[in-house]
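Pasting my_file12.tsv here (TSV, N, CA and C atoms):
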chain	number	residue	atom	x	y	z
A	1	MET	N	-16.34	-5.79	-17.35
A	1	MET	CA	-17.64	-5.78	-17.96
A	1	MET	C	-18.10	-7.21	-18.28
A	2	GLN	N	-17.18	-8.00	-18.79
A	2	GLN	CA	-17.56	-9.37	-19.14
A	2	GLN	C	-17.95	-10.18	-17.91
A	3	ILE	N	-17.33	-9.90	-16.80
A	3	ILE	CA	-17.67	-10.61	-15.56
A	3	ILE	C	-19.09	-10.25	-15.15
A	4	LEU	N	-19.44	-8.98	-15.26
A	4	LEU	CA	-20.80	-8.55	-14.92
A	4	LEU	C	-21.83	-9.21	-15.84
A	5	LEU	N	-21.53	-9.25	-17.13
A	5	LEU	CA	-22.45	-9.88	-18.07
A	5	LEU	C	-22.54	-11.39	-17.83
A	6	GLN	N	-21.44	-12.00	-17.44
A	6	GLN	CA	-21.45	-13.42	-17.11
A	6	GLN	C	-22.32	-13.68	-15.88
A	7	LYS	N	-22.23	-12.81	-14.91
A	7	LYS	CA	-23.05	-12.93	-13.70
A	7	LYS	C	-24.54	-12.79	-14.05
A	8	ALA	N	-24.85	-11.84	-14.95
A	8	ALA	CA	-26.23	-11.68	-15.40
A	8	ALA	C	-26.71	-12.94	-16.11
A	9	TRP	N	-25.83	-13.57	-16.89
A	9	TRP	CA	-26.18	-14.82	-17.56
A	9	TRP	C	-26.49	-15.90	-16.54
A	10	SER	N	-25.68	-15.96	-15.49
A	10	SER	CA	-25.89	-16.94	-14.43
A	10	SER	C	-27.26	-16.75	-13.78
A	11	GLU	N	-27.62	-15.50	-13.56
A	11	GLU	CA	-28.93	-15.21	-12.99
A	11	GLU	C	-30.05	-15.56	-13.96
A	12	GLN	N	-29.77	-15.41	-15.26
A	12	GLN	CA	-30.76	-15.78	-16.28
A	12	GLN	C	-31.09	-17.27	-16.21
A	13	ARG	N	-30.08	-18.07	-16.01
A	13	ARG	CA	-30.28	-19.52	-15.99
A	13	ARG	C	-31.24	-19.94	-14.90
A	14	GLN	N	-31.27	-19.19	-13.82
A	14	GLN	CA	-32.18	-19.51	-12.72
A	14	GLN	C	-33.63	-19.21	-13.08
A	15	MET	N	-33.84	-18.40	-14.10
A	15	MET	CA	-35.19	-18.00	-14.48
A	15	MET	C	-35.62	-18.70	-15.77
A	16	LYS	N	-35.01	-19.80	-16.09
A	16	LYS	CA	-35.29	-20.54	-17.32
A	16	LYS	C	-36.78	-20.87	-17.41
A	17	GLY	N	-37.31	-20.78	-18.60
A	17	GLY	CA	-38.69	-21.14	-18.81
A	17	GLY	C	-39.66	-19.98	-18.66
A	18	GLN	N	-39.21	-18.83	-18.29
A	18	GLN	CA	-40.09	-17.68	-18.15
A	18	GLN	C	-39.97	-16.83	-19.41
A	19	SER	N	-40.86	-17.04	-20.36
A	19	SER	CA	-40.75	-16.42	-21.67
A	19	SER	C	-40.85	-14.90	-21.64
A	20	ARG	N	-41.41	-14.33	-20.59
A	20	ARG	CA	-41.53	-12.87	-20.54
A	20	ARG	C	-40.16	-12.20	-20.41
A	21	HIS	N	-39.14	-12.96	-20.05
A	21	HIS	CA	-37.80	-12.40	-19.89
A	21	HIS	C	-36.93	-12.56	-21.14
A	22	VAL	N	-37.46	-13.15	-22.19
A	22	VAL	CA	-36.68	-13.42	-23.40
A	22	VAL	C	-36.06	-12.15	-23.99
A	23	PRO	N	-36.78	-11.02	-24.11
A	23	PRO	CA	-36.13	-9.82	-24.65
A	23	PRO	C	-34.93	-9.37	-23.81
A	24	THR	N	-35.03	-9.51	-22.51
A	24	THR	CA	-33.93	-9.14	-21.63
A	24	THR	C	-32.75	-10.08	-21.86
A	25	TRP	N	-33.03	-11.35	-22.03
A	25	TRP	CA	-31.97	-12.32	-22.28
A	25	TRP	C	-31.26	-12.02	-23.60
A	26	HIS	N	-32.04	-11.63	-24.59
A	26	HIS	CA	-31.45	-11.29	-25.89
A	26	HIS	C	-30.55	-10.06	-25.78
A	27	LEU	N	-30.99	-9.07	-25.01
A	27	LEU	CA	-30.18	-7.87	-24.83
A	27	LEU	C	-28.86	-8.22	-24.14
A	28	ARG	N	-28.91	-9.03	-23.10
A	28	ARG	CA	-27.68	-9.42	-22.41
A	28	ARG	C	-26.77	-10.19	-23.34
A	29	SER	N	-27.35	-11.05	-24.16
A	29	SER	CA	-26.57	-11.83	-25.12
A	29	SER	C	-25.88	-10.92	-26.14
A	30	ARG	N	-26.59	-9.91	-26.63
A	30	ARG	CA	-26.00	-8.98	-27.59
A	30	ARG	C	-24.87	-8.17	-26.95
A	31	MET	N	-25.10	-7.74	-25.71
A	31	MET	CA	-24.06	-6.99	-25.01
A	31	MET	C	-22.81	-7.85	-24.81
A	32	ALA	N	-23.00	-9.09	-24.42
A	32	ALA	CA	-21.87	-10.00	-24.21
A	32	ALA	C	-21.14	-10.24	-25.53
A	33	PHE	N	-21.87	-10.39	-26.62
A	33	PHE	CA	-21.27	-10.60	-27.93
A	33	PHE	C	-20.37	-9.43	-28.31
A	34	ILE	N	-20.89	-8.22	-28.14
A	34	ILE	CA	-20.11	-7.02	-28.48
A	34	ILE	C	-18.87	-6.92	-27.61
A	35	MET	N	-19.03	-7.12	-26.31
A	35	MET	CA	-17.89	-6.99	-25.40
A	35	MET	C	-16.84	-8.06	-25.67
A	36	ASP	N	-17.27	-9.29	-25.90
A	36	ASP	CA	-16.33	-10.38	-26.20
A	36	ASP	C	-15.52	-10.08	-27.47
A	37	ASN	N	-16.21	-9.63	-28.51
A	37	ASN	CA	-15.53	-9.36	-29.77
A	37	ASN	C	-14.62	-8.14	-29.69
A	38	LEU	N	-15.05	-7.14	-28.95
A	38	LEU	CA	-14.20	-5.96	-28.76
A	38	LEU	C	-12.92	-6.35	-28.01
A	39	GLN	N	-13.08	-7.14	-26.96
A	39	GLN	CA	-11.90	-7.56	-26.20
A	39	GLN	C	-10.98	-8.42	-27.06
A	40	TYR	N	-11.54	-9.33	-27.83
A	40	TYR	CA	-10.75	-10.18	-28.70
A	40	TYR	C	-9.97	-9.34	-29.72
A	41	CYS	N	-10.64	-8.39	-30.34
A	41	CYS	CA	-10.00	-7.53	-31.33
A	41	CYS	C	-8.86	-6.74	-30.71
A	42	LEU	N	-9.12	-6.13	-29.57
A	42	LEU	CA	-8.08	-5.32	-28.93
A	42	LEU	C	-6.93	-6.17	-28.43
A	43	GLN	N	-7.24	-7.32	-27.88
A	43	GLN	CA	-6.19	-8.19	-27.35
A	43	GLN	C	-5.31	-8.73	-28.47
A	44	LEU	N	-5.93	-9.27	-29.49
A	44	LEU	CA	-5.17	-9.94	-30.54
A	44	LEU	C	-4.55	-8.96	-31.54
A	45	ASP	N	-5.37	-8.06	-32.06
A	45	ASP	CA	-4.92	-7.18	-33.13
A	45	ASP	C	-4.10	-5.98	-32.65
A	46	VAL	N	-4.36	-5.53	-31.43
A	46	VAL	CA	-3.66	-4.34	-30.96
A	46	VAL	C	-2.56	-4.70	-29.96
A	47	LEU	N	-2.94	-5.28	-28.84
A	47	LEU	CA	-1.96	-5.54	-27.79
A	47	LEU	C	-0.87	-6.52	-28.21
A	48	GLU	N	-1.27	-7.67	-28.71
A	48	GLU	CA	-0.29	-8.70	-29.07
A	48	GLU	C	0.68	-8.20	-30.14
A	49	HIS	N	0.13	-7.60	-31.19
A	49	HIS	CA	0.98	-7.12	-32.28
A	49	HIS	C	1.96	-6.07	-31.78
A	50	ASN	N	1.46	-5.09	-31.06
A	50	ASN	CA	2.35	-4.01	-30.59
A	50	ASN	C	3.33	-4.49	-29.54
A	51	TYR	N	2.94	-5.46	-28.75
A	51	TYR	CA	3.87	-6.00	-27.75
A	51	TYR	C	5.03	-6.72	-28.44
A	52	GLN	N	4.72	-7.45	-29.49
A	52	GLN	CA	5.78	-8.12	-30.25
A	52	GLN	C	6.74	-7.09	-30.85
A	53	GLN	N	6.20	-5.99	-31.36
A	53	GLN	CA	7.03	-4.92	-31.90
A	53	GLN	C	7.92	-4.31	-30.81
A	54	LEU	N	7.35	-4.13	-29.62
A	54	LEU	CA	8.12	-3.59	-28.49
A	54	LEU	C	9.25	-4.53	-28.11
A	55	GLN	N	8.96	-5.82	-28.01
A	55	GLN	CA	9.99	-6.80	-27.67
A	55	GLN	C	11.11	-6.80	-28.70
A	56	LEU	N	10.75	-6.72	-29.97
A	56	LEU	CA	11.75	-6.69	-31.03
A	56	LEU	C	12.63	-5.44	-30.92
A	57	ALA	N	12.01	-4.31	-30.66
A	57	ALA	CA	12.77	-3.06	-30.52
A	57	ALA	C	13.70	-3.11	-29.31
A	58	ILE	N	13.24	-3.71	-28.22
A	58	ILE	CA	14.08	-3.82	-27.03
A	58	ILE	C	15.27	-4.74	-27.30
A	59	THR	N	15.03	-5.83	-28.01
A	59	THR	CA	16.10	-6.77	-28.34
A	59	THR	C	17.18	-6.10	-29.20
A	60	LYS	N	16.75	-5.25	-30.13
A	60	LYS	CA	17.70	-4.59	-31.03
A	60	LYS	C	18.33	-3.34	-30.42
A	61	SER	N	17.81	-2.87	-29.32
A	61	SER	CA	18.29	-1.60	-28.75
A	61	SER	C	19.69	-1.74	-28.16
A	62	GLN	N	20.36	-0.61	-28.15
A	62	GLN	CA	21.72	-0.57	-27.62
A	62	GLN	C	21.86	0.41	-26.48
A	63	SER	N	20.78	1.13	-26.17
A	63	SER	CA	20.85	2.09	-25.08
A	63	SER	C	19.49	2.20	-24.40
A	64	PHE	N	19.54	2.79	-23.22
A	64	PHE	CA	18.30	3.01	-22.48
A	64	PHE	C	17.36	3.94	-23.24
A	65	GLU	N	17.91	4.93	-23.92
A	65	GLU	CA	17.11	5.89	-24.67
A	65	GLU	C	16.32	5.20	-25.80
A	66	GLU	N	16.94	4.24	-26.43
A	66	GLU	CA	16.25	3.49	-27.49
A	66	GLU	C	15.09	2.68	-26.90
A	67	ILE	N	15.32	2.09	-25.74
A	67	ILE	CA	14.25	1.33	-25.07
A	67	ILE	C	13.12	2.27	-24.65
A	68	GLU	N	13.50	3.41	-24.12
A	68	GLU	CA	12.51	4.41	-23.70
A	68	GLU	C	11.68	4.87	-24.91
A	69	GLN	N	12.32	5.11	-26.02
A	69	GLN	CA	11.62	5.53	-27.24
A	69	GLN	C	10.70	4.41	-27.74
A	70	ALA	N	11.17	3.18	-27.68
A	70	ALA	CA	10.34	2.04	-28.10
A	70	ALA	C	9.09	1.94	-27.22
A	71	HIS	N	9.26	2.18	-25.93
A	71	HIS	CA	8.12	2.13	-25.02
A	71	HIS	C	7.14	3.26	-25.32
A	72	GLU	N	7.64	4.45	-25.57
A	72	GLU	CA	6.77	5.57	-25.92
A	72	GLU	C	5.98	5.28	-27.19
A	73	THR	N	6.66	4.71	-28.17
A	73	THR	CA	5.99	4.33	-29.42
A	73	THR	C	4.92	3.28	-29.16
A	74	PHE	N	5.24	2.32	-28.32
A	74	PHE	CA	4.29	1.26	-27.94
A	74	PHE	C	3.03	1.87	-27.33
A	75	VAL	N	3.18	2.74	-26.36
A	75	VAL	CA	2.04	3.36	-25.68
A	75	VAL	C	1.23	4.22	-26.64
A	76	GLU	N	1.91	4.99	-27.49
A	76	GLU	CA	1.21	5.81	-28.49
A	76	GLU	C	0.38	4.95	-29.44
A	77	CYS	N	0.96	3.85	-29.88
A	77	CYS	CA	0.22	2.94	-30.78
A	77	CYS	C	-1.00	2.34	-30.08
A	78	LEU	N	-0.84	1.95	-28.84
A	78	LEU	CA	-1.98	1.40	-28.09
A	78	LEU	C	-3.10	2.43	-27.98
A	79	MET	N	-2.75	3.63	-27.60
A	79	MET	CA	-3.77	4.68	-27.45
A	79	MET	C	-4.48	4.94	-28.77
A	80	ARG	N	-3.74	5.00	-29.84
A	80	ARG	CA	-4.33	5.29	-31.15
A	80	ARG	C	-5.19	4.11	-31.64
A	81	GLN	N	-4.66	2.91	-31.54
A	81	GLN	CA	-5.36	1.75	-32.09
A	81	GLN	C	-6.50	1.25	-31.19
A	82	CYS	N	-6.52	1.69	-29.94
A	82	CYS	CA	-7.65	1.37	-29.05
A	82	CYS	C	-8.69	2.47	-29.08
A	83	PHE	N	-8.53	3.42	-30.00
A	83	PHE	CA	-9.49	4.49	-30.26
A	83	PHE	C	-9.59	5.53	-29.13
A	84	MET	N	-8.62	5.58	-28.24
A	84	MET	CA	-8.69	6.53	-27.14
A	84	MET	C	-8.36	7.95	-27.59
A	85	GLN	N	-7.73	8.10	-28.74
A	85	GLN	CA	-7.40	9.42	-29.26
A	85	GLN	C	-8.37	9.90	-30.32
A	86	THR	N	-9.43	9.13	-30.53
A	86	THR	CA	-10.49	9.53	-31.44
A	86	THR	C	-11.73	9.80	-30.59
A	87	PRO	N	-11.97	11.06	-30.25
A	87	PRO	CA	-13.03	11.38	-29.28
A	87	PRO	C	-14.40	10.80	-29.59
A	88	SER	N	-14.81	10.81	-30.84
A	88	SER	CA	-16.15	10.31	-31.17
A	88	SER	C	-16.25	8.80	-30.91
A	89	ILE	N	-15.21	8.06	-31.25
A	89	ILE	CA	-15.23	6.61	-31.02
A	89	ILE	C	-15.07	6.31	-29.54
A	90	ALA	N	-14.17	7.01	-28.88
A	90	ALA	CA	-13.98	6.80	-27.44
A	90	ALA	C	-15.28	7.08	-26.68
A	91	ARG	N	-15.98	8.14	-27.07
A	91	ARG	CA	-17.25	8.47	-26.42
A	91	ARG	C	-18.27	7.34	-26.61
A	92	CYS	N	-18.34	6.80	-27.82
A	92	CYS	CA	-19.25	5.67	-28.10
A	92	CYS	C	-18.89	4.46	-27.25
A	93	LEU	N	-17.60	4.17	-27.14
A	93	LEU	CA	-17.18	3.03	-26.33
A	93	LEU	C	-17.53	3.23	-24.87
A	94	TYR	N	-17.28	4.45	-24.35
A	94	TYR	CA	-17.63	4.73	-22.96
A	94	TYR	C	-19.14	4.60	-22.73
A	95	GLN	N	-19.93	5.06	-23.69
A	95	GLN	CA	-21.39	4.93	-23.57
A	95	GLN	C	-21.80	3.46	-23.60
A	96	LEU	N	-21.16	2.68	-24.45
A	96	LEU	CA	-21.45	1.25	-24.50
A	96	LEU	C	-21.12	0.59	-23.16
A	97	PHE	N	-19.94	0.90	-22.61
A	97	PHE	CA	-19.55	0.34	-21.31
A	97	PHE	C	-20.53	0.76	-20.23
A	98	ASP	N	-20.94	2.02	-20.26
A	98	ASP	CA	-21.87	2.54	-19.27
A	98	ASP	C	-23.22	1.83	-19.35
A	99	GLN	N	-23.71	1.62	-20.58
A	99	GLN	CA	-25.00	0.94	-20.76
A	99	GLN	C	-24.93	-0.52	-20.27
A	100	CYS	N	-23.85	-1.21	-20.59
A	100	CYS	CA	-23.69	-2.58	-20.13
A	100	CYS	C	-23.63	-2.64	-18.60
A	101	GLN	N	-22.86	-1.74	-18.03
A	101	GLN	CA	-22.73	-1.72	-16.57
A	101	GLN	C	-24.07	-1.38	-15.91
A	102	SER	N	-24.78	-0.43	-16.44
A	102	SER	CA	-26.09	-0.05	-15.91
A	102	SER	C	-27.07	-1.21	-16.00
A	103	PHE	N	-27.07	-1.89	-17.13
A	103	PHE	CA	-27.95	-3.05	-17.31
A	103	PHE	C	-27.64	-4.14	-16.29
A	104	CYS	N	-26.37	-4.47	-16.14
A	104	CYS	CA	-25.98	-5.52	-15.20
A	104	CYS	C	-26.31	-5.14	-13.76
A	105	HIS	N	-26.10	-3.88	-13.43
A	105	HIS	CA	-26.43	-3.42	-12.07
A	105	HIS	C	-27.93	-3.53	-11.84
A	106	ARG	N	-28.69	-3.12	-12.82
A	106	ARG	CA	-30.15	-3.18	-12.69
A	106	ARG	C	-30.62	-4.61	-12.51
A	107	ILE	N	-30.02	-5.53	-13.25
A	107	ILE	CA	-30.40	-6.94	-13.14
A	107	ILE	C	-30.03	-7.47	-11.75
A	108	SER	N	-28.83	-7.15	-11.28
A	108	SER	CA	-28.39	-7.70	-9.99
A	108	SER	C	-29.17	-7.10	-8.83
A	109	VAL	N	-29.62	-5.86	-8.95
A	109	VAL	CA	-30.34	-5.22	-7.84
A	109	VAL	C	-31.82	-5.54	-7.89
A	110	ASP	N	-32.44	-5.37	-9.06
A	110	ASP	CA	-33.89	-5.49	-9.17
A	110	ASP	C	-34.38	-6.79	-9.80
A	111	GLY	N	-33.51	-7.51	-10.43
A	111	GLY	CA	-33.93	-8.73	-11.13
A	111	GLY	C	-34.50	-8.40	-12.49
A	112	TYR	N	-34.81	-9.42	-13.25
A	112	TYR	CA	-35.28	-9.24	-14.62
A	112	TYR	C	-36.68	-8.64	-14.69
A	113	HIS	N	-37.47	-8.83	-13.66
A	113	HIS	CA	-38.85	-8.34	-13.72
A	113	HIS	C	-38.94	-6.82	-13.73
A	114	SER	N	-37.88	-6.13	-13.35
A	114	SER	CA	-37.94	-4.67	-13.25
A	114	SER	C	-37.75	-3.97	-14.59
A	115	ILE	N	-37.30	-4.67	-15.59
A	115	ILE	CA	-37.05	-4.04	-16.89
A	115	ILE	C	-38.22	-4.34	-17.80
A	116	GLY	N	-38.93	-3.29	-18.17
A	116	GLY	CA	-40.12	-3.43	-19.00
A	116	GLY	C	-39.79	-3.52	-20.47
A	117	THR	N	-40.78	-3.93	-21.25
A	117	THR	CA	-40.62	-4.10	-22.69
A	117	THR	C	-40.27	-2.78	-23.36
A	118	GLN	N	-40.94	-1.69	-22.95
A	118	GLN	CA	-40.67	-0.38	-23.54
A	118	GLN	C	-39.21	0.03	-23.32
A	119	GLU	N	-38.71	-0.17	-22.11
A	119	GLU	CA	-37.33	0.18	-21.82
A	119	GLU	C	-36.37	-0.65	-22.65
A	120	LEU	N	-36.66	-1.93	-22.82
A	120	LEU	CA	-35.82	-2.79	-23.64
A	120	LEU	C	-35.78	-2.31	-25.08
A	121	GLN	N	-36.94	-1.90	-25.61
A	121	GLN	CA	-36.98	-1.41	-26.98
A	121	GLN	C	-36.14	-0.15	-27.11
A	122	GLU	N	-36.19	0.72	-26.11
A	122	GLU	CA	-35.39	1.93	-26.15
A	122	GLU	C	-33.90	1.61	-26.08
A	123	ARG	N	-33.53	0.66	-25.24
A	123	ARG	CA	-32.12	0.32	-25.06
A	123	ARG	C	-31.55	-0.40	-26.27
A	124	THR	N	-32.39	-1.19	-26.95
A	124	THR	CA	-31.88	-1.98	-28.07
A	124	THR	C	-32.04	-1.27	-29.41
A	125	ALA	N	-32.71	-0.12	-29.41
A	125	ALA	CA	-32.92	0.61	-30.66
A	125	ALA	C	-31.57	1.05	-31.22
A	126	VAL	N	-31.46	0.92	-32.51
A	126	VAL	CA	-30.24	1.38	-33.17
A	126	VAL	C	-30.36	2.88	-33.33
A	127	ARG	N	-29.38	3.60	-32.79
A	127	ARG	CA	-29.41	5.06	-32.90
A	127	ARG	C	-27.99	5.57	-33.11
A	128	THR	N	-27.93	6.70	-33.72
A	128	THR	CA	-26.64	7.33	-33.98
A	128	THR	C	-26.20	8.07	-32.74
A	129	ILE	N	-24.99	7.79	-32.27
A	129	ILE	CA	-24.45	8.47	-31.12
A	129	ILE	C	-23.51	9.55	-31.62
A	130	SER	N	-23.80	10.76	-31.24
A	130	SER	CA	-22.97	11.87	-31.74
A	130	SER	C	-22.01	12.36	-30.69

Could you quickly redo this structure as structure tokens?
Amino acid sequence: MQILLQKAWSEQRQMKGQSRHVPTWHLRSRMAFIMDNLQYCLQLDVLEHNYQQLQLAITKSQSFEEIEQAHETFVECLMRQCFMQTPSIARCLYQLFDQCQSFCHRISVDGYHSIGTQELQERTAVRTIS
């Protein structure tokens, strides 16, 4: 996702000085901000921490079964802490990913001129996702 948003940013730079595209640029910037921070949080707070716990458990283990159990615990923690076992949060994350991907695809195919102000307002509106 971040690569797609980076590519959209690159395309934005080519259209510098065209003020009619500013709302689109702001939307891409907000999407990139959310994705960057989500990745940072998951990488640092979830993956790194749990990986260290897994390494420690493997070091202390005395049998294959203990290593296998440590790995199962590691995977369970990742799934839980990455919100994959919380359907409402997982659904929101999937919708966020889908919206970012759709936006980037639209930019790469049609360019910035294809996204109107009304559509931007709808996409950027704060709404409750159920």

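If you measure from each of A:His71, A:Glu65, A:Lys7, A:Met35 to Ile107 of chain A using all atoms listed in the file, the closest one turns out to be A:Lys7.
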
Practice problem: Quick one: pull the distance between atom CA of Thr73 of chain A and atom C of Glu48 of chain A, Å, one decimal. | Solution: 13.6 Å

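Distance-wise, atom C of Arg30 of chain A and atom N of Ser88 of chain A end up 21.8 Å apart.
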
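A straight line drawn from atom CA of Gln39 of chain A to atom CA of Gln69 of chain A is 26.9 Å long.
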
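Near Asn50 of chain A, within 8 Å and counting only C-alpha atoms, sit Phe74, Cys77 and Leu78 of chain A; same-chain residues fewer than 5 positions away were not included.
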
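Ranking A:Leu38, A:Leu27, A:Leu47, A:Leu5 by their shortest atom-to-atom distance to Leu93 of chain A, with only C-alpha atoms included, puts A:Leu38 first.
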
Taking all atoms of segment 68-83 of chain A that the file lists and extending 3 Å past them on each side, where is the centre of the axis-aligned box and how long are its edges? Answer in Å to one decimal, as JSON.
{"center_x": 2.0, "center_y": 3.5, "center_z": -27.9, "size_x": 29.1, "size_y": 10.6, "size_z": 14.4}

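Closest approach to Ala57 of chain A among A:Cys92, A:Met31, A:Cys41, A:Ala70: A:Ala70, based on all atoms listed in the file.
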
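For the residues A:Tyr51, A:Glu68, A:Phe97, A:Gln6, ranking by smallest atom-to-atom distance to Trp25 of chain A using only C-alpha atoms places A:Gln6 first.
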
Give me segment 51-65 of chain A with N, CA, C and O atoms filled in, as a compact mmCIF listing (two decimals), keeping the file's coordinate frame.
# COMPACT_ATOMS: atom_id res chain seq x y z
N TYR A 51 2.94 -5.46 -28.75
CA TYR A 51 3.87 -6.00 -27.75
C TYR A 51 5.03 -6.72 -28.44
O TYR A 51 6.18 -6.60 -28.02
N GLN A 52 4.72 -7.45 -29.49
CA GLN A 52 5.78 -8.12 -30.25
C GLN A 52 6.74 -7.09 -30.85
O GLN A 52 7.96 -7.30 -30.84
N GLN A 53 6.20 -5.99 -31.36
CA GLN A 53 7.03 -4.92 -31.90
C GLN A 53 7.92 -4.31 -30.81
O GLN A 53 9.09 -4.02 -31.04
N LEU A 54 7.35 -4.13 -29.62
CA LEU A 54 8.12 -3.59 -28.49
C LEU A 54 9.25 -4.53 -28.11
O LEU A 54 10.40 -4.10 -27.92
N GLN A 55 8.96 -5.82 -28.01
CA GLN A 55 9.99 -6.80 -27.67
C GLN A 55 11.11 -6.80 -28.70
O GLN A 55 12.29 -6.87 -28.35
N LEU A 56 10.75 -6.72 -29.97
CA LEU A 56 11.75 -6.69 -31.03
C LEU A 56 12.63 -5.44 -30.92
O LEU A 56 13.86 -5.53 -31.03
N ALA A 57 12.01 -4.31 -30.66
CA ALA A 57 12.77 -3.06 -30.52
C ALA A 57 13.70 -3.11 -29.31
O ALA A 57 14.84 -2.63 -29.38
N ILE A 58 13.24 -3.71 -28.22
CA ILE A 58 14.08 -3.82 -27.03
C ILE A 58 15.27 -4.74 -27.30
O ILE A 58 16.40 -4.45 -26.91
N THR A 59 15.03 -5.83 -28.01
CA THR A 59 16.10 -6.77 -28.34
C THR A 59 17.18 -6.10 -29.20
O THR A 59 18.37 -6.34 -29.01
N LYS A 60 16.75 -5.25 -30.13
CA LYS A 60 17.70 -4.59 -31.03
C LYS A 60 18.33 -3.34 -30.42
O LYS A 60 19.30 -2.83 -30.97
N SER A 61 17.81 -2.87 -29.32
CA SER A 61 18.29 -1.60 -28.75
C SER A 61 19.69 -1.74 -28.16
O SER A 61 20.10 -2.81 -27.73
N GLN A 62 20.36 -0.61 -28.15
CA GLN A 62 21.72 -0.57 -27.62
C GLN A 62 21.86 0.41 -26.48
O GLN A 62 22.93 0.52 -25.90
N SER A 63 20.78 1.13 -26.17
CA SER A 63 20.85 2.09 -25.08
C SER A 63 19.49 2.20 -24.40
O SER A 63 18.46 1.79 -24.95
N PHE A 64 19.54 2.79 -23.22
CA PHE A 64 18.30 3.01 -22.48
C PHE A 64 17.36 3.94 -23.24
O PHE A 64 16.15 3.76 -23.24
N GLU A 65 17.91 4.93 -23.92
CA GLU A 65 17.11 5.89 -24.67
C GLU A 65 16.32 5.20 -25.80
O GLU A 65 15.18 5.56 -26.07
